$ cat start.pdb   # PDB, N, CA and C atoms
MODEL        1
ATOM      1  N   MET A   1     140.552  70.726  30.769
ATOM      2  CA  MET A   1     141.051  69.381  30.913
ATOM      3  C   MET A   1     140.744  68.900  32.326
ATOM      4  N   LEU A   2     140.383  67.622  32.438
ATOM      5  CA  LEU A   2     140.146  67.029  33.746
ATOM      6  C   LEU A   2     141.456  66.476  34.283
ATOM      7  N   LEU A   3     141.717  66.734  35.540
ATOM      8  CA  LEU A   3     142.943  66.285  36.185
ATOM      9  C   LEU A   3     142.564  65.388  37.343
ATOM     10  N   ARG A   4     143.143  64.181  37.388
ATOM     11  CA  ARG A   4     142.860  63.239  38.469
ATOM     12  C   ARG A   4     144.054  63.221  39.418
ATOM     13  N   ILE A   5     143.800  63.559  40.674
ATOM     14  CA  ILE A   5     144.828  63.539  41.710
ATOM     15  C   ILE A   5     144.279  62.742  42.872
ATOM     16  N   GLU A   6     144.880  61.564  43.107
ATOM     17  CA  GLU A   6     144.481  60.696  44.215
ATOM     18  C   GLU A   6     142.963  60.579  44.347
ATOM     19  N   ASN A   7     142.331  60.051  43.331
ATOM     20  CA  ASN A   7     140.892  59.790  43.290
ATOM     21  C   ASN A   7     140.026  61.048  43.294
ATOM     22  N   GLU A   8     140.633  62.205  43.135
ATOM     23  CA  GLU A   8     139.877  63.451  43.054
ATOM     24  C   GLU A   8     139.982  63.960  41.625
ATOM     25  N   VAL A   9     138.856  64.291  41.028
ATOM     26  CA  VAL A   9     138.850  64.807  39.666
ATOM     27  C   VAL A   9     138.489  66.278  39.709
ATOM     28  N   LYS A  10     139.303  67.095  39.064
ATOM     29  CA  LYS A  10     139.073  68.526  39.061
ATOM     30  C   LYS A  10     139.337  69.085  37.673
ATOM     31  N   GLU A  11     138.487  69.984  37.258
ATOM     32  CA  GLU A  11     138.672  70.678  35.992
ATOM     33  C   GLU A  11     139.807  71.672  36.164
ATOM     34  N   MET A  12     140.758  71.657  35.232
ATOM     35  CA  MET A  12     141.879  72.578  35.287
ATOM     36  C   MET A  12     142.098  73.188  33.928
ATOM     37  N   ASN A  13     142.456  74.448  33.929
ATOM     38  CA  ASN A  13     142.754  75.134  32.676
ATOM     39  C   ASN A  13     144.232  74.997  32.354
ATOM     40  N   PHE A  14     144.527  74.580  31.116
ATOM     41  CA  PHE A  14     145.894  74.472  30.630
ATOM     42  C   PHE A  14     146.101  75.511  29.537
ATOM     43  N   TYR A  15     147.221  76.213  29.618
ATOM     44  CA  TYR A  15     147.568  77.232  28.636
ATOM     45  C   TYR A  15     149.011  77.026  28.214
ATOM     46  N   THR A  16     149.301  77.362  26.983
ATOM     47  CA  THR A  16     150.676  77.270  26.506
ATOM     48  C   THR A  16     151.425  78.553  26.862
ATOM     49  N   VAL A  17     152.737  78.491  26.753
ATOM     50  CA  VAL A  17     153.555  79.692  26.962
ATOM     51  C   VAL A  17     153.135  80.765  25.965
ATOM     52  N   ARG A  18     152.809  80.334  24.771
ATOM     53  CA  ARG A  18     152.356  81.287  23.744
ATOM     54  C   ARG A  18     151.046  81.961  24.156
ATOM     55  N   ASP A  19     150.106  81.196  24.722
ATOM     56  CA  ASP A  19     148.850  81.772  25.212
ATOM     57  C   ASP A  19     149.124  82.870  26.240
ATOM     58  N   LEU A  20     150.113  82.637  27.068
ATOM     59  CA  LEU A  20     150.463  83.604  28.108
ATOM     60  C   LEU A  20     150.891  84.937  27.494
ATOM     61  N   ARG A  21     151.571  84.855  26.359
ATOM     62  CA  ARG A  21     152.008  86.085  25.674
ATOM     63  C   ARG A  21     150.891  86.727  24.854
ATOM     64  N   THR A  22     150.073  85.885  24.205
ATOM     65  CA  THR A  22     149.104  86.430  23.257
ATOM     66  C   THR A  22     147.738  86.759  23.853
ATOM     67  N   THR A  23     147.321  86.031  24.882
ATOM     68  CA  THR A  23     145.999  86.272  25.482
ATOM     69  C   THR A  23     146.076  86.311  27.007
ATOM     70  N   PRO A  24     146.926  87.161  27.551
ATOM     71  CA  PRO A  24     147.084  87.163  29.010
ATOM     72  C   PRO A  24     145.814  87.547  29.760
ATOM     73  N   LYS A  25     145.017  88.453  29.188
ATOM     74  CA  LYS A  25     143.821  88.906  29.902
ATOM     75  C   LYS A  25     142.875  87.749  30.211
ATOM     76  N   SER A  26     142.637  86.887  29.243
ATOM     77  CA  SER A  26     141.717  85.773  29.478
ATOM     78  C   SER A  26     142.290  84.790  30.498
ATOM     79  N   ILE A  27     143.606  84.626  30.500
ATOM     80  CA  ILE A  27     144.229  83.728  31.481
ATOM     81  C   ILE A  27     144.040  84.287  32.887
ATOM     82  N   TRP A  28     144.281  85.587  33.063
ATOM     83  CA  TRP A  28     144.123  86.197  34.391
ATOM     84  C   TRP A  28     142.670  86.147  34.844
ATOM     85  N   GLU A  29     141.737  86.323  33.912
ATOM     86  CA  GLU A  29     140.317  86.233  34.264
ATOM     87  C   GLU A  29     139.951  84.812  34.713
ATOM     88  N   ASP A  30     140.430  83.821  33.951
ATOM     89  CA  ASP A  30     140.165  82.425  34.322
ATOM     90  C   ASP A  30     140.829  82.075  35.647
ATOM     91  N   LEU A  31     142.022  82.594  35.876
ATOM     92  CA  LEU A  31     142.729  82.343  37.125
ATOM     93  C   LEU A  31     141.943  82.902  38.305
ATOM     94  N   ALA A  32     141.415  84.106  38.153
ATOM     95  CA  ALA A  32     140.615  84.701  39.226
ATOM     96  C   ALA A  32     139.356  83.880  39.493
ATOM     97  N   ALA A  33     138.772  83.325  38.439
ATOM     98  CA  ALA A  33     137.538  82.547  38.592
ATOM     99  C   ALA A  33     137.789  81.140  39.128
ATOM    100  N   ASP A  34     138.854  80.483  38.650
ATOM    101  CA  ASP A  34     139.085  79.077  38.974
ATOM    102  C   ASP A  34     140.133  78.845  40.059
ATOM    103  N   GLY A  35     140.977  79.831  40.305
ATOM    104  CA  GLY A  35     141.964  79.712  41.372
ATOM    105  C   GLY A  35     143.304  79.127  40.979
ATOM    106  N   GLU A  36     143.358  78.442  39.838
ATOM    107  CA  GLU A  36     144.633  77.873  39.401
ATOM    108  C   GLU A  36     144.612  77.596  37.913
ATOM    109  N   ALA A  37     145.800  77.561  37.326
ATOM    110  CA  ALA A  37     145.952  77.264  35.910
ATOM    111  C   ALA A  37     147.342  76.672  35.702
ATOM    112  N   VAL A  38     147.467  75.884  34.652
ATOM    113  CA  VAL A  38     148.736  75.250  34.327
ATOM    114  C   VAL A  38     149.272  75.852  33.040
ATOM    115  N   ILE A  39     150.569  76.159  33.042
ATOM    116  CA  ILE A  39     151.238  76.641  31.836
ATOM    117  C   ILE A  39     152.061  75.481  31.289
ATOM    118  N   THR A  40     151.924  75.227  29.993
ATOM    119  CA  THR A  40     152.676  74.144  29.361
ATOM    120  C   THR A  40     153.718  74.710  28.407
ATOM    121  N   ASN A  41     154.780  73.946  28.230
ATOM    122  CA  ASN A  41     155.820  74.296  27.277
ATOM    123  C   ASN A  41     156.139  73.021  26.514
ATOM    124  N   ASN A  42     155.973  73.069  25.200
ATOM    125  CA  ASN A  42     156.160  71.886  24.352
ATOM    126  C   ASN A  42     155.280  70.726  24.808
ATOM    127  N   GLY A  43     154.071  71.049  25.237
ATOM    128  CA  GLY A  43     153.099  70.031  25.613
ATOM    129  C   GLY A  43     153.240  69.467  27.014
ATOM    130  N   LYS A  44     154.236  69.940  27.767
ATOM    131  CA  LYS A  44     154.450  69.428  29.123
ATOM    132  C   LYS A  44     154.147  70.510  30.147
ATOM    133  N   PRO A  45     153.464  70.161  31.228
ATOM    134  CA  PRO A  45     153.218  71.149  32.289
ATOM    135  C   PRO A  45     154.546  71.634  32.868
ATOM    136  N   THR A  46     154.715  72.968  32.940
ATOM    137  CA  THR A  46     155.969  73.514  33.460
ATOM    138  C   THR A  46     155.761  74.489  34.605
ATOM    139  N   ALA A  47     154.552  75.030  34.747
ATOM    140  CA  ALA A  47     154.312  75.994  35.820
ATOM    141  C   ALA A  47     152.859  75.909  36.260
ATOM    142  N   LEU A  48     152.656  76.210  37.528
ATOM    143  CA  LEU A  48     151.314  76.259  38.093
ATOM    144  C   LEU A  48     151.062  77.683  38.566
ATOM    145  N   LEU A  49     150.025  78.298  38.043
ATOM    146  CA  LEU A  49     149.622  79.628  38.499
ATOM    147  C   LEU A  49     148.568  79.449  39.574
ATOM    148  N   ILE A  50     148.750  80.132  40.688
ATOM    149  CA  ILE A  50     147.813  80.025  41.802
ATOM    150  C   ILE A  50     147.320  81.414  42.157
ATOM    151  N   ASP A  51     146.005  81.565  42.240
ATOM    152  CA  ASP A  51     145.423  82.833  42.657
ATOM    153  C   ASP A  51     145.681  83.019  44.150
ATOM    154  N   ILE A  52     146.134  84.186  44.530
ATOM    155  CA  ILE A  52     146.425  84.466  45.934
ATOM    156  C   ILE A  52     145.343  85.383  46.476
ATOM    157  N   ALA A  53     144.644  84.881  47.488
ATOM    158  CA  ALA A  53     143.594  85.682  48.108
ATOM    159  C   ALA A  53     144.222  86.871  48.824
ATOM    160  N   ASP A  54     143.443  87.917  49.000
ATOM    161  CA  ASP A  54     143.943  89.122  49.667
ATOM    162  C   ASP A  54     144.545  88.790  51.025
ATOM    163  N   GLY A  55     145.765  89.274  51.250
ATOM    164  CA  GLY A  55     146.398  89.133  52.543
ATOM    165  C   GLY A  55     146.962  87.764  52.863
ATOM    166  N   SER A  56     146.980  86.842  51.895
ATOM    167  CA  SER A  56     147.461  85.495  52.209
ATOM    168  C   SER A  56     148.725  85.129  51.439
ATOM    169  N   PHE A  57     149.470  86.130  50.979
ATOM    170  CA  PHE A  57     150.673  85.841  50.190
ATOM    171  C   PHE A  57     151.648  84.957  50.955
ATOM    172  N   GLU A  58     151.997  85.353  52.168
ATOM    173  CA  GLU A  58     152.970  84.591  52.949
ATOM    174  C   GLU A  58     152.474  83.181  53.232
ATOM    175  N   GLU A  59     151.201  83.048  53.570
ATOM    176  CA  GLU A  59     150.636  81.724  53.835
ATOM    177  C   GLU A  59     150.676  80.848  52.585
ATOM    178  N   THR A  60     150.371  81.441  51.437
ATOM    179  CA  THR A  60     150.375  80.686  50.193
ATOM    180  C   THR A  60     151.785  80.242  49.840
ATOM    181  N   VAL A  61     152.761  81.128  49.956
ATOM    182  CA  VAL A  61     154.150  80.771  49.666
ATOM    183  C   VAL A  61     154.616  79.670  50.612
ATOM    184  N   LYS A  62     154.278  79.791  51.880
ATOM    185  CA  LYS A  62     154.662  78.778  52.870
ATOM    186  C   LYS A  62     154.054  77.426  52.508
ATOM    187  N   ALA A  63     152.782  77.405  52.140
ATOM    188  CA  ALA A  63     152.107  76.150  51.789
ATOM    189  C   ALA A  63     152.720  75.517  50.546
ATOM    190  N   VAL A  64     153.044  76.333  49.547
ATOM    191  CA  VAL A  64     153.661  75.808  48.328
ATOM    192  C   VAL A  64     155.036  75.228  48.642
ATOM    193  N   ARG A  65     155.813  75.929  49.448
ATOM    194  CA  ARG A  65     157.145  75.430  49.815
ATOM    195  C   ARG A  65     157.049  74.136  50.620
ATOM    196  N   GLN A  66     156.073  74.055  51.513
ATOM    197  CA  GLN A  66     155.879  72.821  52.280
ATOM    198  C   GLN A  66     155.509  71.661  51.358
ATOM    199  N   ALA A  67     154.653  71.937  50.394
ATOM    200  CA  ALA A  67     154.242  70.897  49.446
ATOM    201  C   ALA A  67     155.433  70.428  48.619
ATOM    202  N   LYS A  68     156.260  71.361  48.147
ATOM    203  CA  LYS A  68     157.443  70.990  47.370
ATOM    204  C   LYS A  68     158.416  70.174  48.217
ATOM    205  N   ALA A  69     158.589  70.546  49.486
ATOM    206  CA  ALA A  69     159.473  69.797  50.375
ATOM    207  C   ALA A  69     158.934  68.385  50.598
ATOM    208  N   MET A  70     157.629  68.250  50.750
ATOM    209  CA  MET A  70     157.025  66.936  50.957
ATOM    210  C   MET A  70     157.194  66.063  49.707
ATOM    211  N   ILE A  71     157.066  66.647  48.535
ATOM    212  CA  ILE A  71     157.281  65.898  47.292
ATOM    213  C   ILE A  71     158.724  65.398  47.231
ATOM    214  N   ALA A  72     159.678  66.268  47.565
ATOM    215  CA  ALA A  72     161.092  65.880  47.559
ATOM    216  C   ALA A  72     161.349  64.777  48.583
ATOM    217  N   PHE A  73     160.778  64.917  49.769
ATOM    218  CA  PHE A  73     160.944  63.912  50.824
ATOM    219  C   PHE A  73     160.394  62.561  50.378
ATOM    220  N   ASN A  74     159.192  62.564  49.814
ATOM    221  CA  ASN A  74     158.582  61.312  49.354
ATOM    222  C   ASN A  74     159.407  60.666  48.249
ATOM    223  N   SER A  75     159.982  61.492  47.375
ATOM    224  CA  SER A  75     160.834  60.976  46.306
ATOM    225  C   SER A  75     162.082  60.314  46.890
ATOM    226  N   MET A  76     162.709  60.974  47.867
ATOM    227  CA  MET A  76     163.889  60.391  48.518
ATOM    228  C   MET A  76     163.528  59.094  49.233
ATOM    229  N   ARG A  77     162.391  59.089  49.876
ATOM    230  CA  ARG A  77     161.948  57.896  50.612
ATOM    231  C   ARG A  77     161.713  56.720  49.656
ATOM    232  N   THR A  78     161.115  57.001  48.513
ATOM    233  CA  THR A  78     160.871  55.957  47.511
ATOM    234  C   THR A  78     162.188  55.412  46.973
ATOM    235  N   LYS A  79     163.137  56.303  46.668
ATOM    236  CA  LYS A  79     164.444  55.867  46.178
ATOM    237  C   LYS A  79     165.166  55.029  47.230
ATOM    238  N   ALA A  80     165.078  55.447  48.488
ATOM    239  CA  ALA A  80     165.731  54.703  49.566
ATOM    240  C   ALA A  80     165.122  53.311  49.710
ATOM    241  N   ALA A  81     163.806  53.226  49.589
ATOM    242  CA  ALA A  81     163.134  51.929  49.715
ATOM    243  C   ALA A  81     163.549  50.992  48.578
ATOM    244  N   LYS A  82     163.742  51.541  47.392
ATOM    245  CA  LYS A  82     164.141  50.718  46.238
ATOM    246  C   LYS A  82     165.577  50.231  46.370
ATOM    247  N   SER A  83     166.449  51.072  46.913
ATOM    248  CA  SER A  83     167.864  50.700  46.997
ATOM    249  C   SER A  83     168.219  50.025  48.317
ATOM    250  N   GLY A  84     167.299  50.009  49.240
ATOM    251  CA  GLY A  84     167.550  49.387  50.536
ATOM    252  C   GLY A  84     167.912  50.434  51.573
ATOM    253  N   TYR A  85     167.414  50.226  52.761
ATOM    254  CA  TYR A  85     167.650  51.178  53.841
ATOM    255  C   TYR A  85     169.039  50.968  54.447
ATOM    256  N   MET A  86     169.554  52.015  55.050
ATOM    257  CA  MET A  86     170.850  51.940  55.712
ATOM    258  C   MET A  86     170.668  51.398  57.133
ATOM    259  N   SER A  87     171.684  50.690  57.598
ATOM    260  CA  SER A  87     171.661  50.214  58.979
ATOM    261  C   SER A  87     171.995  51.386  59.895
ATOM    262  N   GLU A  88     171.771  51.203  61.184
ATOM    263  CA  GLU A  88     172.090  52.262  62.142
ATOM    264  C   GLU A  88     173.582  52.576  62.127
ATOM    265  N   GLU A  89     174.413  51.548  61.944
ATOM    266  CA  GLU A  89     175.859  51.749  61.888
ATOM    267  C   GLU A  89     176.247  52.579  60.667
ATOM    268  N   GLU A  90     175.612  52.290  59.518
ATOM    269  CA  GLU A  90     175.900  53.058  58.300
ATOM    270  C   GLU A  90     175.463  54.512  58.458
ATOM    271  N   ILE A  91     174.331  54.722  59.097
ATOM    272  CA  ILE A  91     173.841  56.086  59.334
ATOM    273  C   ILE A  91     174.816  56.831  60.231
ATOM    274  N   GLU A  92     175.251  56.172  61.308
ATOM    275  CA  GLU A  92     176.204  56.791  62.235
ATOM    276  C   GLU A  92     177.518  57.118  61.524
ATOM    277  N   ALA A  93     177.970  56.227  60.655
ATOM    278  CA  ALA A  93     179.205  56.464  59.904
ATOM    279  C   ALA A  93     179.045  57.664  58.964
ATOM    280  N   GLU A  94     177.894  57.785  58.323
ATOM    281  CA  GLU A  94     177.634  58.929  57.444
ATOM    282  C   GLU A  94     177.623  60.231  58.230
ATOM    283  N   ILE A  95     177.000  60.212  59.387
ATOM    284  CA  ILE A  95     176.945  61.414  60.231
ATOM    285  C   ILE A  95     178.351  61.809  60.663
ATOM    286  N   ASN A  96     179.114  60.835  61.113
ATOM    287  CA  ASN A  96     180.488  61.129  61.552
ATOM    288  C   ASN A  96     181.343  61.635  60.393
ATOM    289  N   ALA A  97     181.166  61.071  59.220
ATOM    290  CA  ALA A  97     181.930  61.516  58.048
ATOM    291  C   ALA A  97     181.563  62.955  57.706
ATOM    292  N   ALA A  98     180.279  63.271  57.789
ATOM    293  CA  ALA A  98     179.846  64.634  57.484
ATOM    294  C   ALA A  98     180.380  65.634  58.497
ATOM    295  N   ARG A  99     180.548  65.178  59.728
ATOM    296  CA  ARG A  99     181.074  66.043  60.782
ATOM    297  C   ARG A  99     182.604  66.062  60.767
ATOM    298  N   GLY A 100     183.205  65.205  59.970
ATOM    299  CA  GLY A 100     184.654  65.142  59.914
ATOM    300  C   GLY A 100     185.257  64.386  61.059
ATOM    301  N   GLU A 101     184.518  63.442  61.636
ATOM    302  CA  GLU A 101     184.960  62.690  62.812
ATOM    303  C   GLU A 101     185.387  61.279  62.470
ATOM    304  N   VAL A 102     185.807  61.039  61.251
ATOM    305  CA  VAL A 102     186.144  59.663  60.839
ATOM    306  C   VAL A 102     187.418  59.210  61.469
TER     307      VAL A 102
ENDMDL
END
$ encode --input "start.pdb" --output "structure tokens"
Amino acid sequence: MLLRIENEVKEMNFYTVRDLRTTPKSIWEDLAADGEAVITNNGKPTALLIDIADGSFEETVKAVRQAKAMIAFNSMRTKAAKSGYMSEEEIEAEINAARGEV
């Protein structure tokens, strides 16, 4: 399947949860060759398999966590923009409330 991410098109392998149980060898072979694969459950992507190069486990985990944090941050930023930004006074009040200084 072709996947379009921000004007970049890349071929990606999609496998079902059932494929993972019934044909794991071919999935691992494709993962080694292509570097990534998507696992679907009920037709929806639910997991991303990423090939980890020798000696880069920590770097890969760090990069994935940074990417997930950036996605969460962007989501919060979008929600804030839709609902309106807080004034400096409102921010200060929230900080003081969190610190118990009300």
$ atom_distance --input "start.pdb" --atom1 "CA of Glu11 in chain A" --atom2 "CA of Asp34 in chain A"
8.9 Å
$ select_by_dssp --input "start.pdb" --residues "chain A" --states "helix (DSSP H, G or I)" --output "VMD selection string"
chain A and resid 17 to 22 24 to 34 57 to 83 88 to 99
$ atom_distance --input "start.pdb" --atom1 "atom C of Tyr15 in chain A" --atom2 "atom C of Val38 in chain A"
5.0 Å
$ resolve_selection --input "start.pdb" --expression "the PyMOL selection byres (((chain A and resi 17 and name CA) around 8) and name CA)" --output "PyMOL selection string"
chain A and resi 15-16+18-21+39-41
$ select_by_dssp --input "start.pdb" --residues "chain A" --states "strand (DSSP E or B)" --output "CSV table (one decimal) with N, CA and C atoms, in the coordinates of the input"
chain,number,residue,atom,x,y,z
A,2,LEU,N,140.4,67.6,32.4
A,2,LEU,CA,140.1,67.0,33.7
A,2,LEU,C,141.5,66.5,34.3
A,3,LEU,N,141.7,66.7,35.5
A,3,LEU,CA,142.9,66.3,36.2
A,3,LEU,C,142.6,65.4,37.3
A,4,ARG,N,143.1,64.2,37.4
A,4,ARG,CA,142.9,63.2,38.5
A,4,ARG,C,144.1,63.2,39.4
A,5,ILE,N,143.8,63.6,40.7
A,5,ILE,CA,144.8,63.5,41.7
A,5,ILE,C,144.3,62.7,42.9
A,8,GLU,N,140.6,62.2,43.1
A,8,GLU,CA,139.9,63.5,43.1
A,8,GLU,C,140.0,64.0,41.6
A,9,VAL,N,138.9,64.3,41.0
A,9,VAL,CA,138.8,64.8,39.7
A,9,VAL,C,138.5,66.3,39.7
A,10,LYS,N,139.3,67.1,39.1
A,10,LYS,CA,139.1,68.5,39.1
A,10,LYS,C,139.3,69.1,37.7
A,11,GLU,N,138.5,70.0,37.3
A,11,GLU,CA,138.7,70.7,36.0
A,11,GLU,C,139.8,71.7,36.2
A,13,ASN,N,142.5,74.4,33.9
A,13,ASN,CA,142.8,75.1,32.7
A,13,ASN,C,144.2,75.0,32.4
A,14,PHE,N,144.5,74.6,31.1
A,14,PHE,CA,145.9,74.5,30.6
A,14,PHE,C,146.1,75.5,29.5
A,15,TYR,N,147.2,76.2,29.6
A,15,TYR,CA,147.6,77.2,28.6
A,15,TYR,C,149.0,77.0,28.2
A,16,THR,N,149.3,77.4,27.0
A,16,THR,CA,150.7,77.3,26.5
A,16,THR,C,151.4,78.6,26.9
A,36,GLU,N,143.4,78.4,39.8
A,36,GLU,CA,144.6,77.9,39.4
A,36,GLU,C,144.6,77.6,37.9
A,37,ALA,N,145.8,77.6,37.3
A,37,ALA,CA,146.0,77.3,35.9
A,37,ALA,C,147.3,76.7,35.7
A,38,VAL,N,147.5,75.9,34.7
A,38,VAL,CA,148.7,75.2,34.3
A,38,VAL,C,149.3,75.9,33.0
A,39,ILE,N,150.6,76.2,33.0
A,39,ILE,CA,151.2,76.6,31.8
A,39,ILE,C,152.1,75.5,31.3
A,40,THR,N,151.9,75.2,30.0
A,40,THR,CA,152.7,74.1,29.4
A,40,THR,C,153.7,74.7,28.4
A,41,ASN,N,154.8,73.9,28.2
A,41,ASN,CA,155.8,74.3,27.3
A,41,ASN,C,156.1,73.0,26.5
A,44,LYS,N,154.2,69.9,27.8
A,44,LYS,CA,154.4,69.4,29.1
A,44,LYS,C,154.1,70.5,30.1
A,45,PRO,N,153.5,70.2,31.2
A,45,PRO,CA,153.2,71.1,32.3
A,45,PRO,C,154.5,71.6,32.9
A,46,THR,N,154.7,73.0,32.9
A,46,THR,CA,156.0,73.5,33.5
A,46,THR,C,155.8,74.5,34.6
A,47,ALA,N,154.6,75.0,34.7
A,47,ALA,CA,154.3,76.0,35.8
A,47,ALA,C,152.9,75.9,36.3
A,48,LEU,N,152.7,76.2,37.5
A,48,LEU,CA,151.3,76.3,38.1
A,48,LEU,C,151.1,77.7,38.6
A,49,LEU,N,150.0,78.3,38.0
A,49,LEU,CA,149.6,79.6,38.5
A,49,LEU,C,148.6,79.4,39.6
A,50,ILE,N,148.8,80.1,40.7
A,50,ILE,CA,147.8,80.0,41.8
A,50,ILE,C,147.3,81.4,42.2
$ atom_distance --input "start.pdb" --atom1 "CA of Thr46 in chain A" --atom2 "CA of Met76 in chain A"
21.5 Å
$ closest_residue --input "start.pdb" --among "A:Glu58, A:Tyr85, A:Arg99, A:Asp51" --to "Ala33 in chain A" --atoms "all atoms listed in the file"
A:Asp51
$ residues_around --input "start.pdb" --residues "Gly35 in chain A" --least-positions-apart "6" --cutoff "7 Å" --atoms "all atoms listed in the file" --output "ChimeraX atom specification"
/A:49-52
$ decode --input "start.pdb" --residues "range 10-25 of chain A" --atoms "N, CA, C and O atoms" --output "mmCIF file, in the first residue's frame"
data_model
loop_
_atom_site.group_PDB
_atom_site.id
_atom_site.type_symbol
_atom_site.label_atom_id
_atom_site.label_comp_id
_atom_site.auth_asym_id
_atom_site.auth_seq_id
_atom_site.Cartn_x
_atom_site.Cartn_y
_atom_site.Cartn_z
ATOM 1 N N LYS A 10 5.385 6.760 0.194
ATOM 2 C CA LYS A 10 6.246 5.637 0.504
ATOM 3 C C LYS A 10 5.435 4.351 0.503
ATOM 4 O O LYS A 10 4.326 4.315 1.003
ATOM 5 N N GLU A 11 6.014 3.322 -0.052
ATOM 6 C CA GLU A 11 5.397 2.003 -0.036
ATOM 7 C C GLU A 11 5.512 1.449 1.373
ATOM 8 O O GLU A 11 6.578 1.492 1.983
ATOM 9 N N MET A 12 4.399 0.955 1.912
ATOM 10 C CA MET A 12 4.400 0.382 3.245
ATOM 11 C C MET A 12 3.656 -0.928 3.232
ATOM 12 O O MET A 12 2.656 -1.071 2.548
ATOM 13 N N ASN A 13 4.156 -1.865 4.000
ATOM 14 C CA ASN A 13 3.491 -3.159 4.116
ATOM 15 C C ASN A 13 2.498 -3.125 5.265
ATOM 16 O O ASN A 13 2.844 -2.728 6.378
ATOM 17 N N PHE A 14 1.263 -3.561 4.988
ATOM 18 C CA PHE A 14 0.222 -3.664 5.998
ATOM 19 C C PHE A 14 -0.101 -5.136 6.212
ATOM 20 O O PHE A 14 -0.264 -5.885 5.248
ATOM 21 N N TYR A 15 -0.197 -5.524 7.474
ATOM 22 C CA TYR A 15 -0.516 -6.899 7.837
ATOM 23 C C TYR A 15 -1.600 -6.878 8.900
ATOM 24 O O TYR A 15 -1.651 -5.970 9.726
ATOM 25 N N THR A 16 -2.430 -7.890 8.891
ATOM 26 C CA THR A 16 -3.460 -7.999 9.918
ATOM 27 C C THR A 16 -2.880 -8.694 11.148
ATOM 28 O O THR A 16 -1.814 -9.323 11.083
ATOM 29 N N VAL A 17 -3.604 -8.598 12.246
ATOM 30 C CA VAL A 17 -3.205 -9.316 13.462
ATOM 31 C C VAL A 17 -3.147 -10.810 13.166
ATOM 32 O O VAL A 17 -2.252 -11.513 13.626
ATOM 33 N N ARG A 18 -4.069 -11.263 12.351
ATOM 34 C CA ARG A 18 -4.081 -12.687 11.973
ATOM 35 C C ARG A 18 -2.820 -13.061 11.193
ATOM 36 O O ARG A 18 -2.242 -14.126 11.410
ATOM 37 N N ASP A 19 -2.383 -12.198 10.268
ATOM 38 C CA ASP A 19 -1.143 -12.443 9.524
ATOM 39 C C ASP A 19 0.037 -12.613 10.482
ATOM 40 O O ASP A 19 0.917 -13.443 10.259
ATOM 41 N N LEU A 20 0.037 -11.822 11.527
ATOM 42 C CA LEU A 20 1.120 -11.877 12.507
ATOM 43 C C LEU A 20 1.190 -13.252 13.170
ATOM 44 O O LEU A 20 2.273 -13.754 13.458
ATOM 45 N N ARG A 21 0.024 -13.847 13.383
ATOM 46 C CA ARG A 21 -0.016 -15.187 13.996
ATOM 47 C C ARG A 21 0.265 -16.300 12.987
ATOM 48 O O ARG A 21 0.918 -17.282 13.311
ATOM 49 N N THR A 22 -0.257 -16.136 11.762
ATOM 50 C CA THR A 22 -0.187 -17.241 10.809
ATOM 51 C C THR A 22 1.048 -17.239 9.913
ATOM 52 O O THR A 22 1.499 -18.298 9.485
ATOM 53 N N THR A 23 1.588 -16.065 9.607
ATOM 54 C CA THR A 23 2.760 -15.989 8.719
ATOM 55 C C THR A 23 3.824 -15.047 9.277
ATOM 56 O O THR A 23 4.265 -14.118 8.586
ATOM 57 N N PRO A 24 4.261 -15.281 10.501
ATOM 58 C CA PRO A 24 5.222 -14.345 11.097
ATOM 59 C C PRO A 24 6.550 -14.280 10.353
ATOM 60 O O PRO A 24 7.152 -13.207 10.269
ATOM 61 N N LYS A 25 6.996 -15.410 9.798
ATOM 62 C CA LYS A 25 8.301 -15.414 9.134
ATOM 63 C C LYS A 25 8.352 -14.413 7.983
ATOM 64 O O LYS A 25 9.322 -13.654 7.854
#
